[in-house]
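Shown below: protein_2.txt, with compact mmCIF, C-alpha atoms.
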# COMPACT_ATOMS: atom_id res chain seq x y z
CA MET M 1 0.00 0.00 0.00
CA THR M 2 1.44 3.35 -1.02
CA TYR M 3 0.78 6.17 1.42
CA LEU M 4 1.54 9.87 1.21
CA GLU M 5 4.96 9.39 2.79
CA ASP M 6 5.94 6.87 0.09
CA ILE M 7 5.37 9.34 -2.73
CA VAL M 8 8.72 10.86 -3.72
CA VAL M 9 8.76 14.39 -5.08
CA GLY M 10 10.44 14.49 -8.48
CA THR M 11 9.46 10.95 -9.47
CA GLU M 12 8.81 10.74 -13.19
CA ARG M 13 6.86 8.07 -15.06
CA SER M 14 6.17 7.48 -18.74
CA PHE M 15 3.34 5.21 -19.77
CA GLY M 16 0.61 4.48 -22.25
CA GLN M 17 0.22 4.05 -25.99
CA TYR M 18 -3.33 5.03 -26.80
CA GLU M 19 -4.38 4.77 -30.43
CA VAL M 20 -6.89 7.44 -31.33
CA THR M 21 -9.52 6.26 -33.80
CA GLU M 22 -12.07 8.12 -35.86
CA GLY M 23 -14.85 5.90 -34.54
CA GLU M 24 -14.04 6.64 -30.94
CA ILE M 25 -13.68 10.39 -31.58
CA ILE M 26 -17.14 10.47 -33.15
CA ALA M 27 -18.74 8.27 -30.48
CA PHE M 28 -17.40 10.45 -27.66
CA GLY M 29 -18.33 13.59 -29.55
CA LYS M 30 -21.89 12.49 -30.11
CA LEU M 31 -22.33 11.67 -26.44
CA TYR M 32 -20.57 14.59 -24.80
CA ASP M 33 -19.34 17.26 -27.22
CA ASP M 34 -21.69 17.35 -30.15
CA GLN M 35 -19.96 19.89 -32.34
CA PRO M 36 -19.35 19.14 -36.04
CA PHE M 37 -15.54 19.09 -35.83
CA HIS M 38 -15.85 16.27 -33.26
CA THR M 39 -18.62 14.27 -34.93
CA ASP M 40 -18.71 14.85 -38.69
CA PRO M 41 -15.57 14.23 -40.77
CA GLU M 42 -16.99 15.99 -43.83
CA ALA M 43 -18.13 19.10 -41.97
CA ALA M 44 -14.87 19.07 -40.01
CA LYS M 45 -12.91 19.62 -43.24
CA ASP M 46 -14.47 23.09 -43.50
CA SER M 47 -13.75 23.92 -39.88
CA ILE M 48 -10.75 25.80 -38.53
CA TYR M 49 -9.19 22.43 -37.71
CA GLY M 50 -9.26 21.21 -41.30
CA GLY M 51 -10.48 17.78 -40.25
CA LEU M 52 -11.97 15.72 -37.45
CA ILE M 53 -10.37 16.31 -34.05
CA ALA M 54 -10.99 14.75 -30.65
CA SER M 55 -12.84 16.72 -28.01
CA GLY M 56 -10.43 18.02 -25.38
CA TRP M 57 -12.51 16.18 -22.79
CA HIS M 58 -11.99 12.99 -24.76
CA THR M 59 -8.24 13.57 -24.61
CA CYS M 60 -8.54 13.92 -20.83
CA ALA M 61 -10.55 10.68 -20.73
CA MET M 62 -7.94 8.86 -22.82
CA PHE M 63 -5.32 10.02 -20.32
CA MET M 64 -7.42 8.70 -17.45
CA ARG M 65 -7.64 5.32 -19.18
CA MET M 66 -3.85 5.21 -19.60
CA ALA M 67 -3.33 6.23 -15.98
CA VAL M 68 -5.60 3.54 -14.55
CA ASP M 69 -4.08 0.91 -16.85
CA ALA M 70 -0.62 1.93 -15.61
CA GLN M 71 -1.45 1.57 -11.93
CA ASP M 72 0.54 -1.03 -10.06
CA LYS M 73 -2.03 -3.73 -9.35
CA ASP M 74 0.20 -5.28 -6.69
CA ASN M 75 0.68 -2.14 -4.70
CA SER M 76 -2.45 -0.09 -4.50
CA LEU M 77 -2.49 3.58 -3.62
CA ALA M 78 -4.10 4.77 -0.40
CA GLY M 79 -5.88 7.36 -2.48
CA LEU M 80 -8.89 9.45 -1.61
CA GLY M 81 -9.61 10.71 -5.08
CA SER M 82 -8.88 14.12 -6.47
CA PRO M 83 -10.28 17.54 -5.60
CA GLY M 84 -9.54 18.69 -9.14
CA PHE M 85 -6.72 20.32 -11.01
CA ASP M 86 -5.05 23.70 -11.15
CA ASP M 87 -4.85 24.15 -14.85
CA LEU M 88 -5.53 22.30 -18.04
CA LYS M 89 -4.24 23.23 -21.47
CA TRP M 90 -5.15 21.65 -24.77
CA LEU M 91 -2.13 22.55 -26.87
CA LEU M 92 -2.54 20.78 -30.20
CA PRO M 93 -5.42 19.07 -31.99
CA VAL M 94 -5.65 15.31 -31.53
CA ARG M 95 -6.60 13.55 -34.76
CA PRO M 96 -7.61 10.07 -35.89
CA GLY M 97 -4.50 7.94 -36.23
CA ASP M 98 -2.56 9.74 -33.50
CA THR M 99 -0.99 7.66 -30.76
CA LEU M 100 -0.93 9.33 -27.35
CA SER M 101 1.43 8.65 -24.49
CA ALA M 102 1.66 10.21 -21.03
CA GLN M 103 4.26 11.41 -18.58
CA THR M 104 3.77 12.38 -14.98
CA LYS M 105 6.04 14.12 -12.50
CA ILE M 106 5.37 14.49 -8.78
CA LEU M 107 5.68 18.19 -7.95
CA SER M 108 4.85 18.11 -4.24
CA ALA M 109 3.45 15.89 -1.50
CA THR M 110 2.14 17.97 1.39
CA PRO M 111 0.43 16.79 4.59
CA SER M 112 -2.87 18.50 5.31
CA ARG M 113 -2.79 21.03 8.12
CA SER M 114 -6.41 20.53 9.01
CA LYS M 115 -6.86 16.77 8.55
CA LEU M 116 -3.91 14.98 10.07
CA ASP M 117 -4.50 11.62 8.42
CA ARG M 118 -4.03 12.76 4.84
CA GLY M 119 -2.27 15.06 2.40
CA THR M 120 -2.27 16.36 -1.15
CA VAL M 121 0.01 15.41 -4.02
CA ARG M 122 0.44 17.73 -7.01
CA ILE M 123 1.24 15.99 -10.26
CA GLN M 124 2.33 17.50 -13.55
CA ILE M 125 0.78 15.58 -16.43
CA THR M 126 1.86 15.86 -20.04
CA ILE M 127 0.45 14.04 -23.03
CA PHE M 128 2.44 13.60 -26.23
CA ASN M 129 1.44 12.45 -29.67
CA GLN M 130 3.50 10.10 -31.81
CA THR M 131 5.91 12.86 -32.95
CA GLY M 132 6.66 13.85 -29.37
CA ALA M 133 4.61 17.03 -29.65
CA LEU M 134 2.76 18.17 -26.53
CA VAL M 135 -1.00 17.92 -26.89
CA LEU M 136 -2.11 18.43 -23.28
CA GLU M 137 -0.64 19.73 -20.04
CA MET M 138 -2.29 19.79 -16.68
CA THR M 139 -1.42 20.02 -12.99
CA SER M 140 -3.66 17.69 -11.08
CA MET M 141 -4.09 17.06 -7.39
CA GLY M 142 -4.56 13.77 -5.59
CA ARG M 143 -5.42 13.17 -1.95
CA TYR M 144 -3.70 10.33 -0.10
CA LEU M 145 -3.90 8.86 3.36
CA ARG M 146 -0.86 9.19 5.57
CA ARG M 147 0.74 6.01 6.83
CA PRO M 148 -1.18 4.94 9.95
CA THR M 149 0.93 5.09 13.12
CA THR M 150 0.83 2.04 15.37
CA SER M 151 0.13 3.05 18.91
CA MET A 1 11.55 16.03 -19.23
CA GLY A 2 11.52 15.16 -22.89
CA THR A 3 10.20 12.11 -24.63
CA ASP A 4 11.44 9.45 -27.04
CA PHE A 5 9.42 8.93 -30.17
CA THR A 6 9.80 7.12 -33.49
CA LEU A 7 10.79 8.76 -36.77
CA THR A 8 10.39 7.08 -40.15
CA ALA A 9 12.88 8.03 -42.82
CA GLU A 10 12.09 8.08 -46.55
CA ASP A 11 13.74 4.71 -47.11
CA GLY A 12 11.44 3.12 -44.53
CA HIS A 13 14.04 2.96 -41.76
CA THR A 14 12.59 3.69 -38.32
CA LEU A 15 14.67 5.31 -35.61
CA VAL A 16 14.16 6.65 -32.14
CA ALA A 17 14.52 10.36 -31.53
CA TYR A 18 14.57 12.34 -28.29
CA ARG A 19 12.38 15.41 -28.23
CA ALA A 20 12.32 18.27 -25.72
CA ASN A 21 9.51 20.80 -25.91
CA PRO A 22 9.55 24.40 -24.67
CA SER A 23 6.72 25.81 -22.62
CA GLY A 24 4.60 28.26 -24.57
CA THR A 25 4.85 28.92 -28.30
CA PRO A 26 8.13 27.59 -29.73
CA LYS A 27 10.58 30.08 -31.26
CA GLY A 28 11.69 27.49 -33.81
CA GLY A 29 12.93 23.94 -34.25
CA VAL A 30 16.47 22.71 -33.65
CA ILE A 31 17.84 19.35 -34.73
CA VAL A 32 20.61 18.36 -32.33
CA ILE A 33 23.11 16.08 -34.03
CA GLN A 34 24.96 13.68 -31.79
CA GLU A 35 28.70 13.20 -31.39
CA ILE A 36 30.00 9.66 -31.84
CA PHE A 37 28.46 8.65 -28.51
CA GLY A 38 24.81 8.27 -29.49
CA VAL A 39 21.84 10.14 -28.08
CA ASN A 40 23.33 9.95 -24.61
CA VAL A 41 22.69 11.91 -21.42
CA HIS A 42 24.73 14.86 -22.66
CA ILE A 43 22.80 15.13 -25.94
CA ARG A 44 19.49 14.84 -24.07
CA GLU A 45 20.60 17.59 -21.70
CA THR A 46 21.60 19.68 -24.71
CA CYS A 47 18.08 19.25 -26.14
CA ASP A 48 16.55 20.15 -22.77
CA ARG A 49 18.61 23.32 -22.72
CA PHE A 50 17.41 24.39 -26.17
CA ALA A 51 13.86 23.70 -25.00
CA ALA A 52 14.43 25.83 -21.90
CA ASP A 53 15.41 28.61 -24.31
CA GLY A 54 12.16 28.26 -26.24
CA TYR A 55 12.98 25.83 -29.08
CA VAL A 56 11.63 22.39 -29.90
CA ALA A 57 14.76 20.23 -29.96
CA ILE A 58 14.93 16.82 -31.59
CA ALA A 59 17.97 14.52 -31.47
CA PRO A 60 17.62 11.62 -33.94
CA ALA A 61 19.36 8.39 -32.95
CA LEU A 62 21.57 8.17 -36.01
CA TYR A 63 23.17 4.96 -34.71
CA ASP A 64 19.84 3.14 -35.04
CA ARG A 65 21.12 2.37 -38.54
CA THR A 66 23.74 0.13 -36.96
CA ASP A 67 23.18 -3.02 -34.93
CA THR A 68 23.51 -0.94 -31.76
CA LYS A 69 20.04 0.48 -31.25
CA ASN A 70 19.40 3.05 -28.51
CA CYS A 71 23.12 3.62 -28.31
CA SER A 72 24.19 5.73 -25.36
CA LEU A 73 27.92 5.90 -24.63
CA GLY A 74 29.97 7.79 -22.10
CA TYR A 75 33.35 9.40 -22.77
CA THR A 76 35.86 6.82 -21.61
CA PRO A 77 38.57 5.51 -23.98
CA GLU A 78 36.50 2.34 -24.41
CA ASP A 79 33.44 4.40 -25.34
CA ILE A 80 35.50 6.40 -27.81
CA ALA A 81 36.68 3.19 -29.50
CA ILE A 82 33.12 1.86 -29.77
CA GLY A 83 31.83 5.22 -31.02
CA ARG A 84 34.48 5.43 -33.72
CA ASP A 85 33.53 2.00 -35.07
CA LEU A 86 29.85 2.83 -35.07
CA LYS A 87 30.24 6.09 -36.96
CA ASP A 88 32.15 4.35 -39.72
CA ALA A 89 29.42 1.76 -40.20
CA PHE A 90 27.27 3.78 -42.58
CA SER A 91 27.11 6.80 -44.89
CA TRP A 92 26.42 10.51 -44.60
CA ASP A 93 23.54 10.06 -47.06
CA LEU A 94 21.71 7.79 -44.66
CA SER A 95 22.13 10.29 -41.83
CA MET A 96 20.71 12.96 -44.13
CA LEU A 97 17.56 10.84 -44.54
CA ASP A 98 17.19 10.64 -40.77
CA LEU A 99 17.63 14.39 -40.39
CA LYS A 100 15.12 14.97 -43.16
CA ALA A 101 12.52 13.01 -41.19
CA ALA A 102 13.12 15.17 -38.11
CA LYS A 103 12.98 18.30 -40.25
CA ALA A 104 9.63 17.22 -41.68
CA VAL A 105 8.15 16.83 -38.19
CA LEU A 106 9.25 20.31 -37.16
CA GLU A 107 8.21 21.98 -40.41
CA GLY A 108 4.88 20.16 -40.16
CA GLU A 109 4.35 22.11 -36.94
CA GLY A 110 5.06 25.38 -38.71
CA LEU A 111 8.61 25.77 -37.35
CA LYS A 112 11.74 26.91 -39.14
CA VAL A 113 14.52 24.43 -38.60
CA GLY A 114 18.16 24.88 -37.69
CA THR A 115 20.74 22.19 -37.07
CA VAL A 116 23.53 22.06 -34.52
CA GLY A 117 26.05 19.23 -34.49
CA TYR A 118 29.02 18.32 -32.32
CA CYS A 119 32.21 16.64 -33.63
CA TRP A 120 31.02 13.88 -35.98
CA GLY A 121 27.64 15.57 -35.77
CA GLY A 122 29.35 18.83 -36.68
CA THR A 123 30.22 17.49 -40.11
CA ILE A 124 26.65 16.24 -40.46
CA SER A 125 25.31 19.67 -39.51
CA TYR A 126 27.56 21.22 -42.16
CA LEU A 127 26.12 18.82 -44.76
CA ALA A 128 22.60 19.62 -43.58
CA GLY A 129 23.44 23.24 -44.35
CA THR A 130 24.67 22.42 -47.86
CA ARG A 131 22.18 19.68 -48.76
CA LEU A 132 18.98 19.81 -46.69
CA GLY A 133 17.66 23.34 -47.04
CA VAL A 134 17.63 24.11 -43.32
CA ALA A 135 17.35 27.72 -42.18
CA ALA A 136 20.61 27.75 -40.21
CA SER A 137 23.50 25.39 -39.63
CA VAL A 138 25.79 25.43 -36.61
CA VAL A 139 28.93 23.30 -36.57
CA TYR A 140 30.95 22.52 -33.44
CA TYR A 141 34.42 21.15 -34.31
CA GLY A 142 33.32 19.02 -37.30
CA GLY A 143 36.43 17.14 -38.37
CA GLN A 144 35.49 15.58 -41.71
CA ILE A 145 34.41 18.60 -43.71
CA MET A 146 37.46 18.83 -46.00
CA PRO A 147 36.22 16.31 -48.60
CA TYR A 148 33.05 18.41 -48.91
CA ILE A 149 34.67 21.83 -48.68
CA ASP A 150 33.40 22.89 -52.09
CA GLU A 151 29.74 22.32 -51.21
CA LYS A 152 27.92 25.61 -50.83
CA GLU A 153 25.63 26.26 -47.91
CA GLY A 154 22.05 27.35 -48.57
CA CYS A 155 21.69 29.14 -45.24
CA PRO A 156 23.74 31.05 -42.67
CA LEU A 157 26.55 28.82 -41.45
CA LEU A 158 28.23 29.29 -38.06
CA MET A 159 31.25 27.23 -37.09
CA HIS A 160 33.08 26.85 -33.77
CA PHE A 161 36.55 25.29 -33.64
CA GLY A 162 39.08 24.77 -30.86
CA GLU A 163 42.55 26.16 -31.46
CA HIS A 164 44.15 23.18 -29.72
CA ASP A 165 42.12 20.50 -31.52
CA LYS A 166 44.75 18.06 -32.74
CA GLY A 167 42.25 16.39 -35.06
CA ILE A 168 41.38 19.55 -37.00
CA PRO A 169 44.42 21.49 -38.25
CA LEU A 170 44.04 25.26 -38.24
CA ASP A 171 45.04 25.26 -41.92
CA ASP A 172 41.91 23.25 -42.63
CA VAL A 173 39.81 25.70 -40.64
CA ALA A 174 41.31 28.54 -42.65
CA ALA A 175 40.57 26.73 -45.89
CA ILE A 176 36.95 26.10 -44.86
CA ASP A 177 36.60 29.75 -43.89
CA LYS A 178 38.00 30.87 -47.24
CA ALA A 179 35.74 28.50 -49.18
CA HIS A 180 32.68 29.91 -47.41
CA PRO A 181 33.04 33.68 -47.39
CA ASP A 182 29.53 34.18 -45.98
CA ALA A 183 30.04 31.73 -43.13
CA VAL A 184 31.03 32.91 -39.67
CA VAL A 185 33.96 30.90 -38.28
CA HIS A 186 35.18 31.28 -34.70
CA ILE A 187 38.28 29.78 -33.16
CA TYR A 188 38.37 29.40 -29.39
CA ASP A 189 41.27 28.91 -27.01
CA ALA A 190 40.10 25.38 -26.33
CA ASP A 191 40.38 21.75 -27.37
CA HIS A 192 38.11 19.43 -29.31
CA GLY A 193 34.85 18.78 -27.50
CA PHE A 194 34.98 22.05 -25.56
CA ASN A 195 31.20 22.39 -25.40
CA CYS A 196 30.62 19.08 -23.65
CA ASP A 197 30.50 19.33 -19.86
CA HIS A 198 30.84 15.56 -19.56
CA ARG A 199 34.31 15.62 -21.13
CA GLY A 200 37.72 16.56 -19.81
CA SER A 201 38.11 19.06 -22.65
CA TYR A 202 35.11 21.07 -21.44
CA ASN A 203 35.89 24.78 -21.46
CA GLU A 204 33.16 26.81 -19.83
CA ALA A 205 34.18 30.19 -21.20
CA ALA A 206 34.43 28.92 -24.78
CA GLY A 207 31.28 26.88 -24.42
CA ASP A 208 29.28 29.83 -23.11
CA LEU A 209 30.51 32.19 -25.81
CA ALA A 210 29.88 29.69 -28.59
CA ARG A 211 26.42 29.08 -27.23
CA GLU A 212 25.63 32.76 -27.06
CA ARG A 213 26.60 33.11 -30.72
CA THR A 214 24.59 30.03 -31.63
CA MET A 215 21.47 31.36 -29.90
CA GLU A 216 21.85 34.72 -31.66
CA LEU A 217 21.91 32.96 -35.01
CA PHE A 218 18.86 30.86 -34.18
CA ALA A 219 16.97 33.90 -32.93
CA ALA A 220 17.68 35.71 -36.18
CA GLN A 221 17.07 32.83 -38.58
CA LEU A 222 14.35 30.70 -37.05
CA SER A 223 11.83 33.32 -35.98

Could you render the structure as structure tokens?
Amino acid sequence: MTYLEDIVVGTERSFGQYEVTEGEIIAFGKLYDDQPFHTDPEAAKDSIYGGLIASGWHTCAMFMRMAVDAQDKDNSLAGLGSPGFDDLKWLLPVRPGDTLSAQTKILSATPSRSKLDRGTVRIQITIFNQTGALVLEMTSMGRYLRRPTTS
Amino acid sequence: MGTDFTLTAEDGHTLVAYRANPSGTPKGGVIVIQEIFGVNVHIRETCDRFAADGYVAIAPALYDRTDTKNCSLGYTPEDIAIGRDLKDAFSWDLSMLDLKAAKAVLEGEGLKVGTVGYCWGGTISYLAGTRLGVAASVVYYGGQIMPYIDEKEGCPLLMHFGEHDKGIPLDDVAAIDKAHPDAVVHIYDADHGFNCDHRGSYNEAAGDLARERTMELFAAQLS
């Protein structure tokens, strides 16, 4: 079990190879972001993007899939979820045929001043496409339990 | 922290390349051309430094054309011997194809592309300037330029040589300078490899000055 104290600031991880498909872009778009450049390849050609692109929220969801798949099943995290993120940037369009990969870096791991059994970890997340270009950057937060003391 | 990705050259060869991205809008693209030691820690750090200065930097693993994929050597005498064998294993033309693939990625993102190469990579950067249509070419102590001295560069060419470099006679430097009247050639009170802070020949003053001049050229030509 990984607790707050086990999380080392500066730790970097690379993971994931997510293949972005036209079908998935359209399916997500129709459900959650029904704008023509996310759902209609023909109409998308006339858009400012010149072709179908994934919704930014879809890109976030693809990251989440990669992150969960990359979790160490043998050593679970004493996590309490996330209160959100500080910033989120969609830097480049994500297109059918792209392959996305992710990197994370632990920026800080700080015990809570008000709740003594937990703390907050800040994580820098970057997503690259297959040419190493940055498509998404965000700074997310995760809450973790502190290691229980035996008394 | 940069990332490794795969480039595909025109002849179908695939190679790994290291890429470092700047924060914010890039000022341009720089192809960092390795010494004889592969895309090692020093070359990655060099890319990171260009990224910190606002450029997308890509270092193609030119040695992926040999049997030694993902080659990353240090600077010991053993590493030097291995590196020398590897560099002789294939042709300049093949390296040009690999650079061309990196150039296409950067230009596809709307960036002007410059090259910077160190020792063996210095010669390759010179050839990129004469053959590949890049916007700027920077050469650090390239030692095999003489056979190609009559090639004409298609872009501003900046060259840095060490006065005490036993592998590159000053007469050769003078000849290269004369053959390229528009090129800017600097000679530093330093030895071969003076830019590399992992090597004994590292010379901070020369390295800093050469870098300053390199960044000035990139700022002028890649924006």

**OP:** Identify every residue of chain A that has at least one atom within 9 Å of any atom of chain M, counting only C-alpha atoms, and report the result as a PyMOL selection string.
**Re:** chain A and resi 1-7+17-21+56+105+109

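Comparing A:Thr130, A:Ser223, A:Gly108, A:Asp98 by their smallest distance to A:Thr25, the closest is A:Ser223 (using only C-alpha atoms).
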
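Proximity to M:Gly81 was assessed for M:Asp34, M:Phe28, M:Gly119, M:Glu19 counting all atoms listed in the file; the smallest distance is recorded for M:Gly119.
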
**OP:** Could you please give me, as a ChimeraX atom specification, the residues of protein, DNA or RNA lying at most 7 Å from (-8.1, 20.2, -32.0) in the coordinate frame of the file, considering all atoms listed in the file?
**Re:** /M:49,53-54,92-94

Just write the chosen residues, C-alpha atoms, as an mmCIF file, in the coordinates of the input.
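The file below, again_21.cif, is the result:
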data_model
loop_
_atom_site.group_PDB
_atom_site.id
_atom_site.type_symbol
_atom_site.label_atom_id
_atom_site.label_comp_id
_atom_site.auth_asym_id
_atom_site.auth_seq_id
_atom_site.Cartn_x
_atom_site.Cartn_y
_atom_site.Cartn_z
ATOM 1 C CA TYR M 49 -9.190 22.430 -37.710
ATOM 2 C CA ILE M 53 -10.370 16.310 -34.050
ATOM 3 C CA ALA M 54 -10.990 14.750 -30.650
ATOM 4 C CA LEU M 92 -2.540 20.780 -30.200
ATOM 5 C CA PRO M 93 -5.420 19.070 -31.990
ATOM 6 C CA VAL M 94 -5.650 15.310 -31.530
#

Exercise: M:Pro83 partners within 10 Å, only C-alpha atoms, chain neighbours under 2 positions left out, as a short mmCIF file (atom, residue, chain, number, x, y, z; two decimals) with C-alpha atoms, in the coordinates of the input:
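Output contents, as saved in out_7.cif:
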data_model
loop_
_atom_site.label_atom_id
_atom_site.label_comp_id
_atom_site.auth_asym_id
_atom_site.auth_seq_id
_atom_site.Cartn_x
_atom_site.Cartn_y
_atom_site.Cartn_z
CA LEU M 80 -8.89 9.45 -1.61
CA GLY M 81 -9.61 10.71 -5.08
CA PHE M 85 -6.72 20.32 -11.01
CA ASP M 86 -5.05 23.70 -11.15
CA THR M 120 -2.27 16.36 -1.15
CA SER M 140 -3.66 17.69 -11.08
CA MET M 141 -4.09 17.06 -7.39
CA GLY M 142 -4.56 13.77 -5.59
CA ARG M 143 -5.42 13.17 -1.95
#

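Atom to atom, atom CA of A:Lys27 and atom CA of A:Thr115 stand 14.1 Å apart.
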
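The two atoms in question, atom CA of A:Gly143 and atom CA of A:Thr123, are spaced 6.5 Å apart.
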
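Remark: for A:Asn40, the closest of the candidate residues A:Leu158, A:Cys196, A:Val184, A:Leu97 is A:Cys196 (distances computed over all atoms listed in the file).
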
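The interatomic distance for the pair atom CA of A:Arg49 and atom CA of A:Thr14 works out to 25.8 Å.
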
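The point (33.5, 33.4, -37.7) has these residues within 9 Å of it when only C-alpha atoms are used: Leu158, Met159, His160, Asp177, Ala183, Val184, Val185, His186 and Ile187 of chain A.
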
Put those residues in a file: C-alpha atoms, as a CSV table (one decimal), keeping the file's coordinate frame.
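Below is the file that was written, out.csv:
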chain,number,residue,atom,x,y,z
A,158,LEU,CA,28.2,29.3,-38.1
A,159,MET,CA,31.2,27.2,-37.1
A,160,HIS,CA,33.1,26.8,-33.8
A,177,ASP,CA,36.6,29.8,-43.9
A,183,ALA,CA,30.0,31.7,-43.1
A,184,VAL,CA,31.0,32.9,-39.7
A,185,VAL,CA,34.0,30.9,-38.3
A,186,HIS,CA,35.2,31.3,-34.7
A,187,ILE,CA,38.3,29.8,-33.2

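Taking all atoms listed in the file into account, M:Asp40 lies nearest to M:Ile26 out of the set M:Ser82, M:Lys115, M:Ile26, M:Leu4.
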
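In terms of minimum interatomic distance to A:Ser125, A:Leu157 ranks closest within A:Leu157, A:Leu170, A:Ala102, A:Ala9, counting only C-alpha atoms.
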
Reconstructed stretch 75-90 of chain M, atom set N, CA and C atoms, as a CSV table (one decimal), in the coordinates of the input:
chain,number,residue,atom,x,y,z
M,75,ASN,N,0.4,-3.1,-5.8
M,75,ASN,CA,0.7,-2.1,-4.7
M,75,ASN,C,-0.3,-1.0,-4.8
M,76,SER,N,-1.4,-1.1,-4.3
M,76,SER,CA,-2.4,-0.1,-4.5
M,76,SER,C,-2.1,1.2,-3.7
M,77,LEU,N,-2.7,2.3,-4.2
M,77,LEU,CA,-2.5,3.6,-3.6
M,77,LEU,C,-3.6,3.8,-2.6
M,78,ALA,N,-3.1,4.4,-1.4
M,78,ALA,CA,-4.1,4.8,-0.4
M,78,ALA,C,-4.7,6.1,-0.8
M,79,GLY,N,-5.4,6.1,-1.9
M,79,GLY,CA,-5.9,7.4,-2.5
M,79,GLY,C,-7.3,7.7,-2.0
M,80,LEU,N,-7.6,8.9,-2.0
M,80,LEU,CA,-8.9,9.4,-1.6
M,80,LEU,C,-9.5,10.3,-2.7
M,81,GLY,N,-9.1,10.0,-4.0
M,81,GLY,CA,-9.6,10.7,-5.1
M,81,GLY,C,-8.9,12.0,-5.3
M,82,SER,N,-9.5,12.8,-6.1
M,82,SER,CA,-8.9,14.1,-6.5
M,82,SER,C,-9.9,15.3,-6.3
M,83,PRO,N,-9.4,16.4,-5.7
M,83,PRO,CA,-10.3,17.5,-5.6
M,83,PRO,C,-10.3,18.4,-6.9
M,84,GLY,N,-9.5,17.9,-7.9
M,84,GLY,CA,-9.5,18.7,-9.1
M,84,GLY,C,-8.1,19.0,-9.6
M,85,PHE,N,-8.0,20.0,-10.5
M,85,PHE,CA,-6.7,20.3,-11.0
M,85,PHE,C,-6.6,21.8,-11.1
M,86,ASP,N,-5.3,22.3,-11.1
M,86,ASP,CA,-5.0,23.7,-11.2
M,86,ASP,C,-5.2,24.3,-12.5
M,87,ASP,N,-4.8,23.6,-13.5
M,87,ASP,CA,-4.8,24.2,-14.8
M,87,ASP,C,-4.9,23.0,-15.8
M,88,LEU,N,-5.4,23.3,-17.0
M,88,LEU,CA,-5.5,22.3,-18.0
M,88,LEU,C,-5.4,23.0,-19.4
M,89,LYS,N,-4.4,22.6,-20.2
M,89,LYS,CA,-4.2,23.2,-21.5
M,89,LYS,C,-4.3,22.2,-22.6
M,90,TRP,N,-5.1,22.5,-23.6
M,90,TRP,CA,-5.2,21.6,-24.8
M,90,TRP,C,-4.3,22.4,-25.8
